[in-house]
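> Data file model03.cif (mmCIF, C-alpha atoms) is appended below.
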```cif
data_work
#
loop_
_atom_site.label_atom_id
_atom_site.label_comp_id
_atom_site.auth_asym_id
_atom_site.auth_seq_id
_atom_site.Cartn_x
_atom_site.Cartn_y
_atom_site.Cartn_z
CA MET A 1374 -15.76 2.80 -10.32
CA ILE A 1375 -14.04 6.15 -10.66
CA ALA A 1376 -16.08 8.67 -12.61
CA GLY A 1377 -14.31 10.30 -15.53
CA LEU A 1378 -14.31 14.01 -16.27
CA TYR A 1379 -16.77 13.50 -19.15
CA ILE A 1380 -19.91 15.64 -19.09
CA ASP A 1381 -22.84 14.17 -20.99
CA GLY A 1382 -24.23 15.97 -24.02
CA ASN A 1383 -25.35 15.50 -27.60
CA SER A 1384 -23.34 18.05 -29.58
CA VAL A 1385 -21.21 17.49 -32.66
CA LEU A 1386 -18.11 17.21 -30.48
CA HIS A 1387 -19.82 14.70 -28.17
CA ARG A 1388 -20.68 12.55 -31.17
CA ALA A 1389 -17.30 12.84 -32.89
CA GLN A 1390 -14.79 10.01 -32.55
CA ALA A 1391 -11.97 10.30 -30.05
CA GLY A 1392 -9.18 9.79 -32.61
CA PRO A 1393 -9.97 12.79 -34.85
CA LYS A 1394 -10.55 14.98 -31.77
CA ILE A 1395 -7.10 14.11 -30.43
CA LEU A 1396 -5.57 14.86 -33.84
CA ALA A 1397 -7.39 18.21 -33.86
CA MET A 1398 -5.92 18.93 -30.44
CA VAL A 1399 -2.40 18.18 -31.69
CA ALA A 1400 -3.01 20.33 -34.77
CA LEU A 1401 -4.28 23.27 -32.70
CA GLY A 1402 -1.37 22.96 -30.28
CA THR A 1403 1.16 22.96 -33.12
CA GLY A 1404 -0.68 25.69 -35.00
CA VAL A 1405 -0.68 28.27 -32.23
CA PHE A 1406 3.06 27.77 -31.81
CA MET A 1407 3.69 28.17 -35.53
CA VAL A 1408 1.78 31.46 -35.74
CA PRO A 1409 3.31 33.72 -33.08
CA ASP A 1410 0.81 36.48 -33.67
CA TRP A 1411 -1.42 37.56 -30.79
CA PRO A 1412 -4.51 38.65 -32.75
CA VAL A 1413 -4.63 35.28 -34.54
CA VAL A 1414 -4.12 33.30 -31.33
CA SER A 1415 -6.78 35.43 -29.56
CA LEU A 1416 -9.17 34.56 -32.36
CA VAL A 1417 -8.35 30.86 -31.88
CA LEU A 1418 -9.06 31.22 -28.15
CA ALA A 1419 -12.37 32.95 -28.87
CA SER A 1420 -13.29 30.10 -31.24
CA VAL A 1421 -12.44 27.53 -28.59
CA ILE A 1422 -14.71 29.33 -26.12
CA ALA A 1423 -17.43 29.44 -28.79
CA LEU A 1424 -16.97 25.66 -29.21
CA TYR A 1425 -17.70 25.21 -25.50
CA ARG A 1426 -20.96 27.11 -25.98
CA LEU A 1427 -21.79 25.07 -29.10
CA SER A 1428 -21.13 21.86 -27.16
CA GLY A 1429 -23.75 22.92 -24.64
CA PHE A 1430 -21.48 24.03 -21.81
CA GLY A 1431 -22.37 27.05 -19.70
CA TRP A 1432 -20.02 29.82 -18.59
CA ARG A 1433 -19.54 28.03 -15.29
CA VAL A 1434 -17.78 25.12 -17.01
CA ILE A 1435 -15.68 27.56 -19.06
CA ILE A 1436 -14.60 29.53 -16.00
CA ALA A 1437 -13.86 26.31 -14.13
CA GLN A 1438 -11.31 25.46 -16.86
CA ILE A 1439 -9.61 28.86 -16.69
CA ARG A 1440 -9.55 29.32 -12.92
CA PRO A 1441 -6.80 26.78 -12.01
CA MET A 1442 -4.35 28.46 -14.40
CA ALA A 1443 -5.43 32.07 -13.83
CA TRP A 1444 -2.64 32.87 -11.37
CA LEU A 1445 0.07 31.35 -13.50
CA LEU A 1446 -1.19 33.20 -16.57
CA ALA A 1447 -1.17 36.48 -14.62
CA ILE A 1448 2.45 35.84 -13.59
CA PHE A 1449 3.47 34.94 -17.16
CA PHE A 1450 1.80 38.10 -18.47
CA ALA A 1451 3.62 40.22 -15.88
CA VAL A 1452 6.96 38.57 -16.74
CA GLN A 1453 6.48 39.29 -20.46
CA LEU A 1454 5.41 42.84 -19.70
CA TRP A 1455 8.62 43.28 -17.78
CA LEU A 1456 10.90 41.56 -20.33
CA ASN A 1457 9.19 42.63 -23.57
CA ASP A 1458 5.83 44.31 -24.14
CA TRP A 1459 2.12 43.69 -23.61
CA GLN A 1460 1.70 42.10 -27.05
CA ALA A 1461 4.20 39.40 -26.13
CA GLY A 1462 2.36 38.87 -22.84
CA LEU A 1463 -0.97 38.58 -24.59
CA LEU A 1464 0.46 36.06 -27.06
CA VAL A 1465 1.85 33.85 -24.29
CA ILE A 1466 -1.31 33.76 -22.20
CA THR A 1467 -3.82 33.42 -25.05
CA ARG A 1468 -1.72 30.62 -26.50
CA ILE A 1469 -1.62 28.65 -23.25
CA ALA A 1470 -5.32 29.28 -22.61
CA ALA A 1471 -6.29 28.18 -26.14
CA ILE A 1472 -4.31 24.92 -25.98
CA VAL A 1473 -5.37 23.98 -22.46
CA MET A 1474 -9.02 24.89 -23.00
CA PHE A 1475 -9.27 22.96 -26.25
CA ALA A 1476 -7.59 19.93 -24.65
CA SER A 1477 -9.98 20.11 -21.69
CA LEU A 1478 -12.91 20.34 -24.11
CA ILE A 1479 -11.82 17.06 -25.72
CA THR A 1480 -11.71 15.42 -22.30
CA LEU A 1481 -15.12 16.88 -21.34
CA THR A 1482 -16.79 15.60 -24.50
CA THR A 1483 -15.23 12.12 -24.77
CA LYS A 1484 -16.24 9.18 -22.59
CA THR A 1485 -13.34 7.38 -20.89
CA SER A 1486 -14.53 4.14 -22.52
CA ASP A 1487 -14.37 5.72 -26.01
CA MET A 1488 -10.91 7.07 -25.23
CA LEU A 1489 -9.86 3.57 -24.17
CA ALA A 1490 -11.25 2.04 -27.36
CA SER A 1491 -9.23 4.53 -29.43
CA LEU A 1492 -6.11 3.74 -27.42
CA GLU A 1493 -6.55 0.02 -28.09
CA ARG A 1494 -6.95 0.71 -31.80
CA ALA A 1495 -3.85 2.92 -31.77
CA LEU A 1496 -1.80 0.24 -30.00
CA ARG A 1497 -2.65 -2.55 -32.44
CA PRO A 1498 0.04 -1.65 -35.02
CA LEU A 1499 2.62 -1.71 -32.21
CA LYS A 1500 2.13 -5.43 -31.60
CA PRO A 1501 5.24 -6.45 -33.58
CA LEU A 1502 7.27 -4.18 -31.27
CA GLY A 1503 6.26 -6.24 -28.25
CA VAL A 1504 3.38 -4.08 -27.02
CA ASN A 1505 0.51 -6.42 -26.26
CA PRO A 1506 -2.84 -4.51 -26.35
CA GLU A 1507 -4.53 -7.18 -24.22
CA LYS A 1508 -1.91 -6.77 -21.51
CA VAL A 1509 -2.29 -2.99 -21.64
CA SER A 1510 -6.07 -3.36 -21.22
CA LEU A 1511 -5.55 -5.81 -18.37
CA ALA A 1512 -3.19 -3.38 -16.65
CA ILE A 1513 -5.64 -0.48 -17.07
CA SER A 1514 -8.55 -2.43 -15.59
CA MET A 1515 -6.33 -3.59 -12.73
CA VAL A 1516 -5.39 -0.02 -11.83
CA LEU A 1517 -9.06 0.96 -11.71
CA ARG A 1518 -9.75 -2.00 -9.43
CA PHE A 1519 -6.70 -1.38 -7.22
CA ILE A 1520 -7.28 2.31 -6.53
CA PRO A 1521 -10.24 1.79 -4.12
CA VAL A 1522 -8.48 -1.21 -2.54
CA ILE A 1523 -5.26 0.72 -1.88
CA ALA A 1524 -7.25 3.73 -0.67
CA THR A 1525 -8.99 1.47 1.87
CA VAL A 1526 -5.66 -0.03 2.97
CA ALA A 1527 -4.27 3.51 3.35
CA SER A 1528 -7.09 4.56 5.65
CA GLU A 1529 -6.72 1.35 7.70
CA ILE A 1530 -3.01 2.05 8.16
CA ARG A 1531 -3.75 5.64 9.08
CA ASP A 1532 -6.14 4.49 11.81
CA ALA A 1533 -3.65 1.93 13.08
CA GLN A 1534 -0.81 4.48 13.22
CA ARG A 1535 -3.06 7.06 14.85
CA ALA A 1536 -3.68 4.55 17.67
CA ARG A 1537 0.13 4.37 18.06
CA GLY A 1538 0.47 8.16 17.95
CA LEU A 1539 2.27 7.97 14.60
CA ASP A 1540 -0.37 9.64 12.49
CA ARG A 1541 1.87 12.60 11.70
CA SER A 1542 4.70 10.43 10.38
CA ILE A 1543 4.50 10.04 6.59
CA LEU A 1544 7.05 7.22 6.67
CA ALA A 1545 5.00 5.20 9.16
CA MET A 1546 2.21 5.46 6.61
CA ILE A 1547 4.11 4.90 3.34
CA VAL A 1548 6.23 1.85 4.22
CA PRO A 1549 3.36 -0.40 5.43
CA LEU A 1550 1.28 0.83 2.50
CA ILE A 1551 3.97 -0.27 0.01
CA ILE A 1552 4.56 -3.62 1.71
CA ARG A 1553 0.86 -4.41 1.79
CA THR A 1554 0.52 -3.30 -1.82
CA LEU A 1555 3.39 -5.58 -2.88
CA LYS A 1556 1.95 -8.52 -0.95
CA MET A 1557 -1.29 -8.05 -2.86
CA ALA A 1558 0.66 -8.63 -6.10
CA ASP A 1559 1.36 -12.29 -5.24
CA ASP A 1560 -2.32 -13.16 -4.84
CA VAL A 1561 -3.45 -11.17 -7.85
CA ALA A 1562 -0.80 -12.68 -10.14
CA ASP A 1563 -1.70 -16.20 -8.97
CA ALA A 1564 -5.37 -15.50 -9.58
CA ILE A 1565 -4.69 -14.24 -13.11
CA GLU A 1566 -2.46 -17.17 -13.99
CA ALA A 1567 -4.97 -19.64 -12.55
CA ARG A 1568 -7.36 -18.32 -15.20
CA SER A 1569 -4.80 -19.06 -17.93
CA PHE A 1570 -4.26 -15.48 -19.04
CA ASP A 1571 -1.43 -15.18 -21.55
CA MET B 250 10.53 -5.65 -26.31
CA LEU B 251 9.76 -5.28 -22.64
CA TYR B 252 12.18 -6.40 -20.02
CA ASN B 253 11.70 -6.65 -16.31
CA GLY B 254 14.06 -5.83 -13.46
CA ASN B 255 15.24 -9.41 -13.17
CA GLY B 256 16.86 -9.43 -16.58
CA ASN B 257 14.11 -11.56 -18.07
CA ARG B 258 13.05 -10.83 -21.59
CA TYR B 259 9.28 -10.66 -21.33
CA MET B 260 6.85 -9.09 -18.93
CA LYS B 261 5.44 -11.77 -16.68
CA THR B 262 1.94 -11.55 -15.26
CA LYS B 263 3.42 -10.54 -11.94
CA ASP B 264 5.34 -7.67 -13.51
CA ILE B 265 2.12 -6.35 -15.02
CA VAL B 266 0.50 -6.61 -11.59
CA TYR B 267 3.36 -4.66 -9.99
CA ILE B 268 3.11 -2.01 -12.69
CA ALA B 269 -0.64 -1.68 -12.15
CA LEU B 270 -0.26 -1.59 -8.36
CA PHE B 271 2.23 1.27 -8.45
CA ALA B 272 0.11 3.19 -10.94
CA ALA B 273 -2.79 2.80 -8.50
CA LEU B 274 -0.56 3.74 -5.55
CA THR B 275 0.43 6.96 -7.36
CA ALA B 276 -3.26 7.73 -7.87
CA VAL B 277 -4.01 7.09 -4.17
CA LEU B 278 -1.11 9.36 -3.13
CA GLY B 279 -2.94 12.11 -5.04
CA LEU B 280 -5.89 11.74 -2.67
CA PHE B 281 -3.86 12.92 0.34
CA PRO B 282 -4.51 16.61 0.96
CA PRO B 283 -1.54 18.81 0.01
CA ILE B 284 0.51 20.37 2.78
CA THR B 285 1.11 24.11 2.36
CA LEU B 286 4.63 25.14 3.26
CA PRO B 287 4.93 28.02 5.72
CA ILE B 288 6.02 31.49 4.46
CA THR B 289 6.22 30.59 0.76
CA GLY B 290 2.70 29.12 0.59
CA VAL B 291 3.85 26.51 -1.91
CA PRO B 292 1.58 23.46 -1.94
CA VAL B 293 3.36 20.11 -1.52
CA THR B 294 1.48 17.04 -2.69
CA ALA B 295 2.28 13.44 -1.84
CA GLN B 296 1.62 12.37 -5.44
CA SER B 297 5.11 13.08 -6.77
CA LEU B 298 6.36 10.48 -4.30
CA GLY B 299 4.75 7.95 -6.65
CA PRO B 300 7.36 8.13 -9.44
CA MET B 301 10.21 8.11 -6.91
CA LEU B 302 8.82 5.03 -5.16
CA ALA B 303 7.96 3.26 -8.42
CA GLY B 304 11.50 3.68 -9.76
CA ALA B 305 13.26 2.93 -6.49
CA ILE B 306 11.20 -0.17 -5.67
CA LEU B 307 10.28 -1.69 -9.04
CA GLY B 308 13.38 -0.71 -11.01
CA ALA B 309 13.71 1.15 -14.30
CA ARG B 310 11.38 -0.67 -16.69
CA ARG B 311 8.58 -1.67 -14.38
CA GLY B 312 8.80 1.63 -12.48
CA GLY B 313 8.82 3.73 -15.64
CA LEU B 314 5.96 1.74 -17.18
CA SER B 315 3.85 2.06 -14.03
CA ILE B 316 4.03 5.84 -14.33
CA VAL B 317 3.34 5.66 -18.07
CA LEU B 318 0.27 3.59 -17.22
CA PHE B 319 -0.80 6.14 -14.62
CA LEU B 320 -0.43 8.92 -17.20
CA VAL B 321 -2.44 6.93 -19.75
CA LEU B 322 -5.32 6.77 -17.27
CA VAL B 323 -5.08 10.51 -16.66
CA ALA B 324 -5.10 11.09 -20.43
CA LEU B 325 -8.17 8.87 -20.80
CA GLY B 326 -10.02 11.46 -18.73
CA LEU B 327 -9.84 10.16 -15.18
CA PRO B 328 -9.34 12.75 -12.42
CA LEU B 329 -6.37 11.00 -10.84
CA LEU B 330 -3.94 13.91 -10.51
CA SER B 331 -3.87 15.55 -7.07
CA GLY B 332 -6.77 17.91 -6.52
CA GLY B 333 -8.98 15.73 -8.74
CA ARG B 334 -7.46 17.05 -11.96
CA GLY B 335 -7.07 15.02 -15.12
CA GLY B 336 -7.58 14.91 -18.85
CA PHE B 337 -5.53 16.39 -21.68
CA GLY B 338 -5.86 19.95 -20.41
CA VAL B 339 -3.59 19.57 -17.39
CA MET B 340 -1.22 17.26 -19.20
CA ILE B 341 -0.36 19.69 -21.96
CA GLY B 342 -0.73 22.73 -19.71
CA VAL B 343 2.06 24.74 -18.13
CA THR B 344 3.17 21.94 -15.79
CA GLY B 345 2.99 19.27 -18.50
CA GLY B 346 6.77 18.84 -18.56
CA PHE B 347 6.72 17.83 -14.91
CA ILE B 348 3.83 15.42 -15.44
CA PHE B 349 5.43 13.68 -18.44
CA GLY B 350 8.79 14.00 -16.70
CA TRP B 351 7.54 11.72 -13.92
CA ALA B 352 7.80 8.70 -16.22
CA VAL B 353 11.38 9.58 -17.22
CA SER B 354 12.18 10.33 -13.59
CA ALA B 355 10.92 6.91 -12.42
CA PHE B 356 12.93 5.22 -15.18
CA VAL B 357 16.16 7.08 -14.33
CA ILE B 358 15.75 6.44 -10.59
CA GLY B 359 15.16 2.76 -11.31
CA LEU B 360 18.22 2.57 -13.52
CA LEU B 361 20.46 4.08 -10.84
CA ILE B 362 18.98 2.01 -7.99
CA GLU B 363 19.48 -1.17 -10.07
CA LYS B 364 23.06 -0.17 -10.75
CA PHE B 365 23.83 0.36 -7.05
CA TRP B 366 21.52 -2.43 -5.83
CA ASN B 367 24.13 -4.77 -4.33
CA SER B 368 25.88 -2.04 -2.38
CA LEU B 369 22.91 0.27 -1.82
CA ASN B 370 23.16 2.55 1.19
CA VAL B 371 21.48 5.76 2.35
CA ILE B 372 23.81 8.02 0.37
CA LYS B 373 23.62 6.08 -2.91
CA ALA B 374 19.84 5.71 -2.65
CA ALA B 375 19.31 9.39 -1.78
CA LEU B 376 21.57 10.57 -4.60
CA SER B 377 19.89 8.26 -7.13
CA ILE B 378 16.41 9.43 -6.14
CA ALA B 379 17.47 13.08 -6.01
CA PHE B 380 19.09 12.86 -9.45
CA GLY B 381 16.07 11.28 -11.12
CA GLY B 382 13.41 12.97 -9.01
CA ILE B 383 14.86 16.48 -8.91
CA VAL B 384 17.65 17.04 -11.48
CA VAL B 385 16.06 15.15 -14.37
CA LEU B 386 12.49 16.09 -13.48
CA TYR B 387 13.19 19.82 -13.14
CA ALA B 388 15.31 19.82 -16.30
CA LEU B 389 12.30 18.57 -18.29
CA GLY B 390 9.66 20.54 -16.37
CA ASN B 391 11.54 23.84 -16.54
CA ALA B 392 12.32 23.39 -20.25
CA TRP B 393 8.58 22.97 -20.90
CA VAL B 394 7.71 26.06 -18.84
CA ALA B 395 10.41 28.06 -20.64
CA VAL B 396 8.90 27.17 -24.03
CA VAL B 397 5.24 27.86 -23.22
CA ALA B 398 5.91 31.03 -21.22
CA GLU B 399 8.61 32.29 -23.63
CA ILE B 400 11.09 32.88 -20.85
CA SER B 401 14.66 31.69 -20.58
CA TYR B 402 15.51 28.35 -19.05
CA TRP B 403 17.23 30.16 -16.20
CA GLN B 404 14.13 32.23 -15.43
CA ALA B 405 11.98 29.09 -15.36
CA THR B 406 14.44 27.49 -12.96
CA VAL B 407 14.24 30.47 -10.60
CA GLY B 408 10.45 30.28 -10.74
CA ALA B 409 10.44 26.58 -9.84
CA ALA B 410 12.94 26.96 -6.99
CA PRO B 411 10.35 27.34 -4.17
CA PHE B 412 9.05 23.85 -4.97
CA LEU B 413 12.48 22.34 -4.26
CA ILE B 414 11.89 22.26 -0.50
CA GLY B 415 8.97 19.88 -0.88
CA ASP B 416 10.90 17.67 -3.28
CA VAL B 417 13.90 17.43 -0.96
CA ILE B 418 11.52 16.21 1.78
CA LYS B 419 10.07 13.68 -0.67
CA VAL B 420 13.53 12.42 -1.64
CA ALA B 421 14.20 11.77 2.06
CA ILE B 422 10.91 9.89 2.48
CA ALA B 423 11.39 7.86 -0.71
CA THR B 424 14.98 6.99 0.31
CA ALA B 425 13.88 5.69 3.70
CA ALA B 426 10.98 3.78 2.16
CA CYS B 427 13.19 2.29 -0.57
CA LEU B 428 15.74 1.03 1.94
CA ALA B 429 13.05 -0.35 4.27
CA VAL B 430 11.34 -2.19 1.42
CA ARG B 431 14.68 -3.45 0.08
CA LYS B 432 15.25 -5.18 3.42
CA SER B 433 11.81 -6.72 3.79
CA TYR B 434 10.54 -7.17 0.23
CA PRO B 435 13.28 -6.82 -2.40
CA LEU B 436 12.00 -6.81 -5.97
CA ILE B 437 15.10 -5.80 -7.87
CA SER B 438 17.79 -8.40 -8.26
CA LYS B 439 20.86 -7.32 -10.09
CA SER B 440 21.28 -9.31 -13.25
CA ALA B 441 24.75 -10.72 -13.69
#
```
Can you dump the structure from the file as structure tokens?


Amino acid sequence: MIAGLYIDGNSVLHRAQAGPKILAMVALGTGVFMVPDWPVVSLVLASVIALYRLSGFGWRVIIAQIRPMAWLLAIFFAVQLWLNDWQAGLLVITRIAAIVMFASLITLTTKTSDMLASLERALRPLKPLGVNPEKVSLAISMVLRFIPVIATVASEIRDAQRARGLDRSILAMIVPLIIRTLKMADDVADAIEARSFD
Amino acid sequence: MLYNGNGNRYMKTKDIVYIALFAALTAVLGLFPPITLPITGVPVTAQSLGPMLAGAILGARRGGLSIVLFLVLVALGLPLLSGGRGGFGVMIGVTGGFIFGWAVSAFVIGLLIEKFWNSLNVIKAALSIAFGGIVVLYALGNAWVAVVAEISYWQATVGAAPFLIGDVIKVAIATAACLAVRKSYPLISKSA
């Protein structure tokens, strides 16, 4: 099973339901765009960082969230400095940092299984539109099962093509991988139908 | 209502399996280490081949839905994006337009490939994949960057230009793969 990005804890955010947390994320994202004022947005960012601390995360976790976007933020700040002024630059980067860090915090404090349960609840009203929550759940569990299988097939093909001296050709890797993946579909579909799904 | 590539009204079990398989394939493509292009230092990942292949091989609806499914799993908190990234943070981050754009891109590629299916050749396949996988994808991705970075659309386009080289290579790979699979394992049949 693939491990989610969730980090265990017992804070208020850990205990809160996924649905309200996602709504809070949407609200924060909309809010920082509606108030284009850098001191306010900086305050929001500081609060988000405080929330990390309150949820029991150390500075290492916080820095790990910022690091992947640090370069991009530096470029965006420089671009704003060049086009406008430093206040505009500060607004752009604090806004992105606040949104991304809050969104990451939701992911860090919500179990994948709880997220899935919320998704199923959210899909239920869509049933009249032809969205079948059971089929969505089936598809999700299939993906989780297929990932290790396809990864194994990929490494088998890589070994086979290496023996032929084709290990540097992406095409010699991709085409057999797709064909074998598609062939798998026949067996899996038969197996599901044999169990009278649907 | 969901339709499949064969003009049938409902999703059959097999269609769901195809959708799940291509979502998983997209995740596996993210496991391949990125290749760094010489001089520019731009990282090229195999993952964005996923939407191109899904659209070109499964068609518009199944292809688009397989990427939607992949994105749902990422949103649920699984680290399936290349480099082990995942969760809401990356999805609504600076490159969010490109990530959400993948689903649209797969759908558009599928639509064009279905349209040209009976007379598909290298040129038609390459143009279809390039339109959906580059023109449409960059239009959405750059618009998103322009909004969050408060720059003009044109400036965002200039910024994204170095990544084009990798995507042109991927269009070529996806075109060859699409044509090879069409010969040996066709899944799209043009509805009359």

> Taking 2 positions as the minimum chain separation for residues in the same chain, which residues sit within 12 Å of region 1529-1540 of chain A when counting all atoms listed in the file? Answer as a list in words.

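Once the adjacent positions are removed, what remains is Val1522, Ile1523, Ala1524, Thr1525, Val1526, Ala1527, Ser1542, Ile1543, Leu1544, Ala1545, Met1546, Ile1547, Val1548, Pro1549, Leu1550, Ile1551, Ile1552, Arg1553 and Thr1554 of chain A; Phe281 of chain B.
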
> Would you please work out which residue, of B:Val323, B:Val384, B:Leu280, B:Val394, is nearest to Leu413 (chain B) when using only C-alpha atoms?

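Residue with the minimum atom-to-atom distance to Leu413 (chain B): B:Val384.
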
> Grab the CA of Ala309 (chain B) to CA of Leu360 (chain B) distance for me, in Å with one decimal place.

4.8 Å

> One decimal, Å: what's the distance from CA of Lys1556 (chain A) over to CA of Gly333 (chain B), could you say?

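Separation between CA of Lys1556 (chain A) and CA of Gly333 (chain B): 27.7 Å.
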
> Considering only C-alpha atoms, can you say which of A:Val1414, A:Leu1378, A:Ala1451, A:Arg1541 comes closest to Gly1402 (chain A)?

A:Val1414

> Just how far from CA of Gly408 (chain B) is CA of Asn391 (chain B), in Å to one decimal?

8.7 Å

> Evaluate the PyMOL selection byres ((chain B) within 9 of (chain A)) and record the selected residues as a ChimeraX atom specification, following the chain and residue labels used in the document.

/B:250-251,259,262-274,276-278,280,302,318-319,321-322,324-328,334-343,397-400,422-423,425-427,429-430,433-434

> Looking at all atoms listed in the file, which of A:Lys1394, A:Ser1428, A:Val1413, A:Thr1403 is the one that sits closest to Gly1382 (chain A)?

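For Gly1382 (chain A), the nearest of the candidates is A:Ser1428.
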
> If we count only C-alpha atoms and set the cut-off at 8 Å, which residues sit around region 417-421 of chain B, ignoring sequence neighbours fewer than 3 positions away in its own chain? Please answer as a list in words.

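Here the qualifying residues turn out to be Ala295, Ser297, Leu298, Met301, Ala375, Ile378, Ala379, Gly382, Leu413, Ile414, Thr424 and Ala425 of chain B.
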
> Those residues you just picked out, can you put them in a file as a PDB file, in the coordinates of the input with C-alpha atoms?


```pdb
ATOM      1  CA  ALA B 295       2.280  13.440  -1.840  1.00  0.00           C
ATOM      2  CA  SER B 297       5.110  13.080  -6.770  1.00  0.00           C
ATOM      3  CA  LEU B 298       6.360  10.480  -4.300  1.00  0.00           C
ATOM      4  CA  MET B 301      10.210   8.110  -6.910  1.00  0.00           C
ATOM      5  CA  ALA B 375      19.310   9.390  -1.780  1.00  0.00           C
ATOM      6  CA  ILE B 378      16.410   9.430  -6.140  1.00  0.00           C
ATOM      7  CA  ALA B 379      17.470  13.080  -6.010  1.00  0.00           C
ATOM      8  CA  GLY B 382      13.410  12.970  -9.010  1.00  0.00           C
ATOM      9  CA  LEU B 413      12.480  22.340  -4.260  1.00  0.00           C
ATOM     10  CA  ILE B 414      11.890  22.260  -0.500  1.00  0.00           C
ATOM     11  CA  THR B 424      14.980   6.990   0.310  1.00  0.00           C
ATOM     12  CA  ALA B 425      13.880   5.690   3.700  1.00  0.00           C
TER      13      ALA B 425
END
```

> Residues within 6 Å of Gly350 (chain B), please, as a PyMOL selection string. Count all atoms listed in the file; anything in the same chain fewer than 4 positions from it doesn't count.

chain B and resi 346+354+386+389

> Produce the centre coordinates and the three edge lengths, each in Å to one decimal, of the box along x, y and z that contains all listed atoms of region 373-376 of chain B with 4 Å added on each side, as lines of an AutoDock Vina configuration file.


```
center_x = 21.5
center_y = 8.1
center_z = -3.2
size_x = 12.3
size_y = 12.9
size_z = 10.8
```
